[in-house]
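Report on the structure given below.
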Amino acid sequence: MQGERHAGMPQSVLLLLGSCLPVLGAVLLAPVLPRMQLHFTETPGATVLVPVALTLPALMVAVLAPFAGIFADRVGRKPLLLWAMLMYMVCGTVPLWLDSLQAIVLSRAGIGLAEAAIMTCCTTLIGDYYSGGRRERLFALQMVATSLSAALFMAVGGQMGQDSWRAPFALYSVGLVFLPLMAWWLWEPQRTLSTRTDDKHLPWRGLLPLLGLSLLAGMSLFIVPVQAGYLLNLLGVDGPQQIGMTMGGNQLGVVVGAFSFRLVGRTRPSWLLLLAFALAGSGGLMMAAADTHAMVSLAVFINGLGIGLMLPTLITRIMAQVDFSQRGRASGLLTSAIFAGEFVSPLVVLAMTAGVSSALPTALAVIGALQWLVALGCLRLLGTAPLGEHA
């Protein structure tokens with residue numbers, strides 16, 4: 001950390017918890033999507049707008065996160081973070097009183113803008129406050145914390161949605177807690193003389209295949225949060241609490257898969273990605289064939305194992321392609337690819353089903369088969385890509 005102040009446990013916990021807030025926007029509504037869809041049945045375009053309300057924040061993060069980083073460098077991390085937290089709270093809770101689906105979707109765009117700034121500032125401040133092994137441990141904990149929080153938020157969202165699909169929006173009021181704590185415990189790092197901007201070109205030959213896989217990873221990540229509720233409805237399971245617990249099982253699989261990366265991380269990346277996409281595809285095929293709630297629960301857990309292994313493998317592989325002066329740009333491209341994949345995920349499924357819910361198992365089977373094809377293609381795709389020389 002630059003200057004006289006030294007970050008400790010309060011700053012670590014606050015920044016890690018703050019990093020979890022953007023996950024809230026992605027998964028909180030997933031358990032109540034079917035009931036929200038039913039409420040707006042008479043609204044034109046509701047079949048598209050309701051899933052978009054879930055994924056629009058992801059699109060906003062994908063588009064705006066690089067600009068949030070530029071803004072944070074120019075005006076400061078802490079001021080941007082505090083304004084973003086206020087916007088997060090206002091835009092997040094306003095659907096409690098809105099009767100227009102279009103207005104709710106617009107408020108979700110505001111949530112995405114706030115989340116882009118929150119995610120950028122929390123990550124940047126971890127890099128500013130810490131160095132060496134401590135910084136690396138906190139970045140690793142950041143990934144685990146966001147995965148665990150996703151499982152928790154899904155379960156809580158399902159429980160709160162038992163009586164009303166609006167109730168989960170009340171959780172966005174958590175900004176009332178974070179705003180004063182961040183104002184009190186965080187500080188703006190001292191600026192140092194800027195180093196020369198590196199004009200080296202990114203190694204596109206090695207990055208493009210990995211960014212393409214990152215886009216597919218983002219699409220895969222949102223298959224269960226968006227589609228599992230509708231699939232369970234086809235099996236006669238419509239309780240938000242049951243749906244939320246099932247989706248929480250998927251996030252548990254993500255956590256287990258991410259932890260397993262530490263055990264198998266020395267395996268060749270092509271084999272790791274083969275295993276990751278094969279697990280995700282197997283989970284999708286099992287979802288398509290499931291005829292009981294228990295089988296769906298097992299399928300989404302297996303799918304989560306693949307996703308959890310997929311993401312750290314891609315991050316590590318991309319970082320190996322670039323040197324220090326290029327990592328910011330590479331990280332921005334990776335984030336944009338993943339969040340863009342999350343946004344288009346429900347639209348791809350919608351295009352395959354044409355809005356007919358009974359066609360969902362067939363769509364999941366097609367996606368699962370495609371993930372298996374991608375898994376096999378990873379052997380050849382990454383086998384011919386430059387290995388990269390940077391740790």
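Chain labels run A, B, ... following the order of the structure tokens; each chain numbers its residues from 1, and ligands are numbered from 1 in the order shown.
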
Practice problem: Excluding Thr120 of chain A and residues on its chain fewer than 3 positions from it, collect all residues at most 12 Å away from it, counting only C-alpha atoms, and give them as a ChimeraX atom specification. | Solution: /A:15,18-19,21-22,61-62,64-73,76-78,80-81,84,113-117,123-127,328,331-332,335

Contacts of Pro10 of chain A at 12 Å or less, counting only C-alpha atoms, minus same-chain residues fewer than 3 places along, as a compact mmCIF listing (two decimals) with N, CA and C atoms, in the first residue's frame?
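What follows is the written file selection.txt:
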```txt
# COMPACT_ATOMS: atom_id res chain seq x y z
N HIS A 6 -1.95 1.55 6.47
CA HIS A 6 -1.81 0.15 6.12
C HIS A 6 -3.16 -0.55 6.28
N ALA A 7 -3.55 -1.27 5.26
CA ALA A 7 -4.83 -1.96 5.27
C ALA A 7 -4.74 -3.21 6.12
N VAL A 13 -12.05 -7.53 4.63
CA VAL A 13 -13.41 -8.06 4.69
C VAL A 13 -14.37 -7.17 3.91
N LEU A 14 -14.22 -5.86 4.06
CA LEU A 14 -15.13 -4.93 3.39
C LEU A 14 -15.00 -5.01 1.87
N LEU A 15 -13.78 -5.12 1.36
CA LEU A 15 -13.58 -5.19 -0.08
C LEU A 15 -14.03 -6.54 -0.64
N LEU A 16 -13.83 -7.61 0.13
CA LEU A 16 -14.30 -8.92 -0.32
C LEU A 16 -15.82 -8.97 -0.36
N LEU A 17 -16.46 -8.44 0.69
CA LEU A 17 -17.92 -8.42 0.72
C LEU A 17 -18.47 -7.49 -0.36
N GLY A 18 -17.80 -6.36 -0.58
CA GLY A 18 -18.22 -5.46 -1.63
C GLY A 18 -18.14 -6.10 -3.00
N LEU A 181 -19.75 2.30 6.12
CA LEU A 181 -18.54 1.55 6.45
C LEU A 181 -17.42 1.83 5.45
N MET A 182 -17.77 1.91 4.17
CA MET A 182 -16.75 2.22 3.16
C MET A 182 -16.25 3.65 3.31
N TRP A 184 -15.98 5.24 6.06
CA TRP A 184 -15.17 5.33 7.28
C TRP A 184 -13.85 4.57 7.16
N TRP A 185 -13.88 3.35 6.63
CA TRP A 185 -12.71 2.47 6.67
C TRP A 185 -11.81 2.52 5.43
N LEU A 186 -12.33 2.97 4.33
CA LEU A 186 -11.52 2.99 3.11
C LEU A 186 -10.95 4.39 2.89
```

Self-check item: Distance criterion (only C-alpha atoms): nearest to Trp204 of chain A out of A:Val226, A:Leu333, A:Val356, A:Leu28
Solution: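 The answer is A:Leu333, which sits nearest to Trp204 of chain A.
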
Quiz item: Quick one: distance from atom CA of Ser220 of chain A to atom CA of Val256 of chain A in Å, one decimal?
Solution: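 Distance reported for this atom pair: 16.7 Å.
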
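Residue neighbourhood of segment 283-289 of chain A, excluding near-sequence residues (fewer than 4 positions): Val296, Ala299, Val300, Ile302, Asn303, Pro361, Leu364, Ala365 and Gly368 of chain A, at 6 Å, using only C-alpha atoms.
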
Could you dump the residues just selected with C-alpha atoms as a PDB file, in the first residue's frame?
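Done, and the output landed in out-v1.pdb:
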```
ATOM      1  CA  VAL A 296     -32.229 -32.014 -11.757  1.00  0.00           C
ATOM      2  CA  ALA A 299     -27.425 -32.399 -12.911  1.00  0.00           C
ATOM      3  CA  VAL A 300     -26.982 -28.761 -11.899  1.00  0.00           C
ATOM      4  CA  ILE A 302     -22.308 -31.556 -12.054  1.00  0.00           C
ATOM      5  CA  ASN A 303     -22.776 -28.579 -14.358  1.00  0.00           C
ATOM      6  CA  PRO A 361     -35.300 -29.887 -22.498  1.00  0.00           C
ATOM      7  CA  LEU A 364     -30.642 -27.946 -23.037  1.00  0.00           C
ATOM      8  CA  ALA A 365     -29.723 -31.188 -24.776  1.00  0.00           C
ATOM      9  CA  GLY A 368     -24.975 -29.881 -23.637  1.00  0.00           C
TER      10      GLY A 368
END
```

Report as JSON lines: every residue of segment 332-381 of chain A with an atom at most 8 Å from segment 207-219 of chain A, its closest pair of atoms, and their distance in Å to one decimal, counting only C-alpha atoms, with rows sorted by chain and ascending residue number.
```
{"residue": "A:Leu333", "atom": "CA", "partner": "A:Leu211", "partner_atom": "CA", "distance": 7.4}
{"residue": "A:Leu334", "atom": "CA", "partner": "A:Leu211", "partner_atom": "CA", "distance": 6.2}
{"residue": "A:Ala337", "atom": "CA", "partner": "A:Leu215", "partner_atom": "CA", "distance": 4.7}
{"residue": "A:Ile338", "atom": "CA", "partner": "A:Gly218", "partner_atom": "CA", "distance": 4.2}
{"residue": "A:Phe339", "atom": "CA", "partner": "A:Gly218", "partner_atom": "CA", "distance": 6.0}
{"residue": "A:Ala340", "atom": "CA", "partner": "A:Leu215", "partner_atom": "CA", "distance": 6.7}
{"residue": "A:Gly341", "atom": "CA", "partner": "A:Gly218", "partner_atom": "CA", "distance": 4.2}
{"residue": "A:Glu342", "atom": "CA", "partner": "A:Gly218", "partner_atom": "CA", "distance": 4.7}
{"residue": "A:Phe343", "atom": "CA", "partner": "A:Met219", "partner_atom": "CA", "distance": 7.5}
{"residue": "A:Val344", "atom": "CA", "partner": "A:Met219", "partner_atom": "CA", "distance": 6.8}
{"residue": "A:Ser345", "atom": "CA", "partner": "A:Met219", "partner_atom": "CA", "distance": 4.6}
{"residue": "A:Leu381", "atom": "CA", "partner": "A:Pro209", "partner_atom": "CA", "distance": 7.2}
```

Practice problem: Would you kindly return, as a count of residues only, each protein, DNA or RNA residue with an atom no farther than 8 Å from any atom of Ala258 of chain A, considering only C-alpha atoms and excluding same-chain residues fewer than 5 positions away? | Solution: 6

Practice problem: Would you mind listing what lies within 7 Å of segment 245-251 of chain A as a list in words, with only C-alpha atoms counted and same-chain residues fewer than 6 positions away left out? | Solution: Ser147, Leu148, Ala150, Ala151, Leu152, Met154, Ala155, Val224, Pro225, Ser297, Val300, Phe301, Asn303 and Gly304 of chain A

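Comparing the minimum interatomic distances between Ser149 of chain A and each of A:Val23, A:Ile243, A:Ser260, A:Ile318, counting only C-alpha atoms, we find that A:Val23 sits nearest.
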
Self-check item: Surrounding residues of segment 159-166 of chain A excluding itself and chain neighbours under 4 positions, 8 Å, only C-alpha atoms, as a ChimeraX atom specification
Solution: /A:31-33,35-36,95-96,155,170,239-241,244

Practice problem: List every residue of segment 4-220 of chain A that DSSP, applied to the backbone of this structure, assigns to helix (DSSP H, G or I), and report them as a PyMOL selection string. | Solution: chain A and resi 9-27+30-39+46-75+77-96+101-129+132-160+167-185+204-220

Quiz item: Could you work out how far atom CA of Phe277 of chain A lies from atom CA of Ile367 of chain A, giving the answer in Å with one decimal?
Solution: 11.0 Å

Quiz prompt | Pairwise distance for atom CA of Leu54 of chain A and atom CA of Pro180 of chain A, rounded to one decimal in Å | solution = 27.9 Å
